[in-house]
Amino acid sequence: MFQLGCASRVCFKNEILSGLTVALALVPEAVAFAFVAGVEPLVGLYAAFMVGLLAAIFGGRPGMISGATGAMAVVMVSLVAVHGVEYLFAAVVLTGIIQISAGLLRLGKYIRMVPYPVMLGFVNGLAIVIFLAQLQHFQVELPDGSSEWMRGQALWIMLGLIALTMAIMHFLPKLTGAFPAALAAIIVVSLLVLGLDINTKTVGDLASIEGGLPDFHIPNVPLNWETLKIVFPYAVILAAVGLIESLLTLSLIDDVTNSRGRGNRECVGQGIANTVTGFFGGMGGCAMIGQSMINVNSGGRQRLSGIAAALFLLGFILFASGLIEKIPMAALVGVMFMVVLATFEWSSLRIMGRIPRTDAFVLILVSAVTVMTDLAIAVVIGVIVSALAFAWEHARHINVKASDEGDGTRVYELNGPLFFGSVKNFLDLFNPQEDPDEVIVEFQNSRVVDHSAIEAIDNLADKYIRAGKRLHLRHLSPECRQLLKKAGNLVEVNVMEDPNYHVADDALA
């Protein structure tokens, strides 16, 4: 079930160093998302450690990094504010159970239904969100508790160190691939700041990351129906947000690494991680696209890198908090800016004028909604809009070609799919009052897609029966013929050339 995935010393070195790089980038993110959720920094750090470790072991995508995320943190805010952190832990446990159930029910496969424009919008929107999240580090806190934007020398120092970090990450891989560029940039900039005693914002300015091992802790909430009514809605939303972000990130890493992860196993892995995290005082989490891209670009492609990142993070909390707190934020911001540049699909800007307008609209819409609300809402809206656009486009394709035979029978040759979106146009194509007594509808060039289509055919048969005329339907699927009960013996079906297909109808499954 579990393999580290490394068979050589070079692989082990790359995975360990990549994990160290990711761990350094995880610290400020976990602290920031803990503040977003309204909990203590250690609650976010414990979540980053436990979710990262267990998802790396049990998940379905080697090389993908999980931890505390902003997408889930914004859902937690109201629960923590109204009911307290213990209810959050209970919700995280229930979130994990729901995610495990989704994996066991093999629901992960439905991520394939996400259209490519939605995927592009998700990636671009998330890149923008990562960029905007870094802007808070350009603010300084005032004595009265308020904050203002950096100015003067402090701003120029920050920008200079960020530029140096990005330059190292850009040029070092051109010289050697033996050492992760992101880790090298963090080390160089940190040594420069410490050696020259440069006054700039550090990780320690966010919060102290010192702590002990997480303790097993059953959420201190009443085990009754009222508690379930409080936490269940949050758990469902957290589970959905976590799985959507994790599975879409899995698809992205699949594309980058030219390999394939296992979606259902990832659902179970995320569920195990969140269930355990809830019992150890963590805020829960899911896959992190930014840290996953850092890991992959640094050479981490196996489970070992995710495990190493989690263990390094725990080591920081237990033994090296003072050292990690001295890392300049400029170095970590520079790393994340490079992640933004690598994550954003710049090709989507070039193809905008060459793809269908509907796809372009969906891409922009999903990006905008991701930035303004959250990922889950954006993806759901994108899928719905894409589905409606597809239905509208194909609803216009249905048409008939009418011809009269020598015996006075009129034949309507139907072309195009018949489904819920086209049934109204289908019914408008016929005029039972003016048609001759014998009418044949030829379905060989059409496909009956759903139950709405079957009902429309039944409705059309009723209209001809009421008009005192005979309606013959040819080349229908067996499922459709089975449900045409109202037409009774008046329906004639020629099965000699019936195409071999089946109706997508739950009633017949």
# chains A, B, ... in the order shown; residues from 1 in each chain; ligands from 1
>>> residues_around(residues="stretch 127-143 of chain A", least_positions_apart="2", cutoff="6 Å", atoms="only C-alpha atoms", output="NGL selection string")
:A and (124-125 or 145-150 or 340 or 343-344 or 371)
>>> residues_around(residues="A:Leu53", least_positions_apart="2", cutoff="8 Å", atoms="only C-alpha atoms", output="list in words")
Phe49, Met50, Val51, Ala55, Ala56, Ile57, Ala273, Gly306, Ile307, Ala309, Ala310 and Leu311 of chain A
>>> write_last_selection(atoms="C-alpha atoms", output="PDB file, in the first residue's frame")
ATOM      1  CA  PHE A  49       2.354  18.434   9.948  1.00  0.00           C
ATOM      2  CA  MET A  50      -0.318  15.764  10.382  1.00  0.00           C
ATOM      3  CA  VAL A  51      -2.292  16.328   7.190  1.00  0.00           C
ATOM      4  CA  ALA A  55      -1.834  12.398   3.057  1.00  0.00           C
ATOM      5  CA  ALA A  56       1.677  11.658   1.790  1.00  0.00           C
ATOM      6  CA  ILE A  57       1.505   8.122   3.194  1.00  0.00           C
ATOM      7  CA  ALA A 273      -5.467  12.793   7.503  1.00  0.00           C
ATOM      8  CA  GLY A 306       5.869  14.836   1.451  1.00  0.00           C
ATOM      9  CA  ILE A 307       6.857  12.761   4.474  1.00  0.00           C
ATOM     10  CA  ALA A 309       8.370  18.011   4.588  1.00  0.00           C
ATOM     11  CA  ALA A 310       6.016  17.036   7.420  1.00  0.00           C
ATOM     12  CA  LEU A 311       8.823  15.695   9.621  1.00  0.00           C
TER      13      LEU A 311
END
>>> residues_around(residues="stretch 74-80 of chain A", least_positions_apart="2", cutoff="10 Å", atoms="only C-alpha atoms", output="ChimeraX atom specification")
/A:33-39,69-72,82-89,91-92,230-231,234-235,237-238,241,283-284,373-374
>>> residues_around(residues="A:Pro180", least_positions_apart="3", cutoff="12 Å", atoms="only C-alpha atoms", output="ChimeraX atom specification")
/A:13-22,168-177,183-187,294-300,335
>>> residues_around(residues="A:Arg396", least_positions_apart="6", cutoff="12 Å", atoms="only C-alpha atoms", output="PyMOL selection string")
chain A and resi 389-390+415-426
>>> write_last_selection(atoms="N, CA and C atoms", output="CSV table (one decimal), in the first residue's frame")
chain,number,residue,atom,x,y,z
A,389,ALA,N,-24.3,25.8,-21.2
A,389,ALA,CA,-23.8,26.2,-22.5
A,389,ALA,C,-23.8,25.0,-23.5
A,390,PHE,N,-23.4,23.9,-23.0
A,390,PHE,CA,-23.4,22.7,-23.9
A,390,PHE,C,-24.8,22.3,-24.3
A,415,ASN,N,-32.7,14.7,-37.1
A,415,ASN,CA,-31.3,14.8,-37.0
A,415,ASN,C,-30.9,15.6,-35.7
A,416,GLY,N,-29.9,15.1,-35.0
A,416,GLY,CA,-29.5,15.8,-33.8
A,416,GLY,C,-29.9,15.0,-32.5
A,417,PRO,N,-29.3,15.3,-31.4
A,417,PRO,CA,-29.6,14.6,-30.1
A,417,PRO,C,-30.9,15.1,-29.6
A,418,LEU,N,-31.7,14.2,-29.0
A,418,LEU,CA,-32.9,14.6,-28.3
A,418,LEU,C,-32.7,14.4,-26.8
A,419,PHE,N,-32.7,15.5,-26.1
A,419,PHE,CA,-32.5,15.5,-24.6
A,419,PHE,C,-33.3,16.7,-24.0
A,420,PHE,N,-33.1,16.9,-22.7
A,420,PHE,CA,-33.9,17.8,-22.0
A,420,PHE,C,-33.9,19.2,-22.6
A,421,GLY,N,-32.7,19.6,-23.2
A,421,GLY,CA,-32.6,20.9,-23.7
A,421,GLY,C,-33.2,21.1,-25.1
A,422,SER,N,-33.4,20.0,-25.8
A,422,SER,CA,-34.0,20.1,-27.2
A,422,SER,C,-35.4,19.6,-27.3
A,423,VAL,N,-36.1,19.2,-26.3
A,423,VAL,CA,-37.4,18.6,-26.4
A,423,VAL,C,-38.4,19.6,-26.9
A,424,LYS,N,-38.3,20.9,-26.5
A,424,LYS,CA,-39.3,21.9,-26.9
A,424,LYS,C,-39.1,22.1,-28.4
A,425,ASN,N,-37.9,22.3,-28.9
A,425,ASN,CA,-37.7,22.4,-30.3
A,425,ASN,C,-38.2,21.2,-31.1
A,426,PHE,N,-38.0,20.0,-30.5
A,426,PHE,CA,-38.4,18.8,-31.2
A,426,PHE,C,-39.9,18.8,-31.4
>>> closest_residue(among="A:Val27, A:Asn264, A:Asn274, A:Phe179", to="A:Ser208", atoms="only C-alpha atoms")
A:Val27
>>> select_by_dssp(residues="stretch 92-253 of chain A", states="strand (DSSP E)", output="list in words")
Gln139, Val140, Glu141, Ser147, Glu148 and Trp149 of chain A
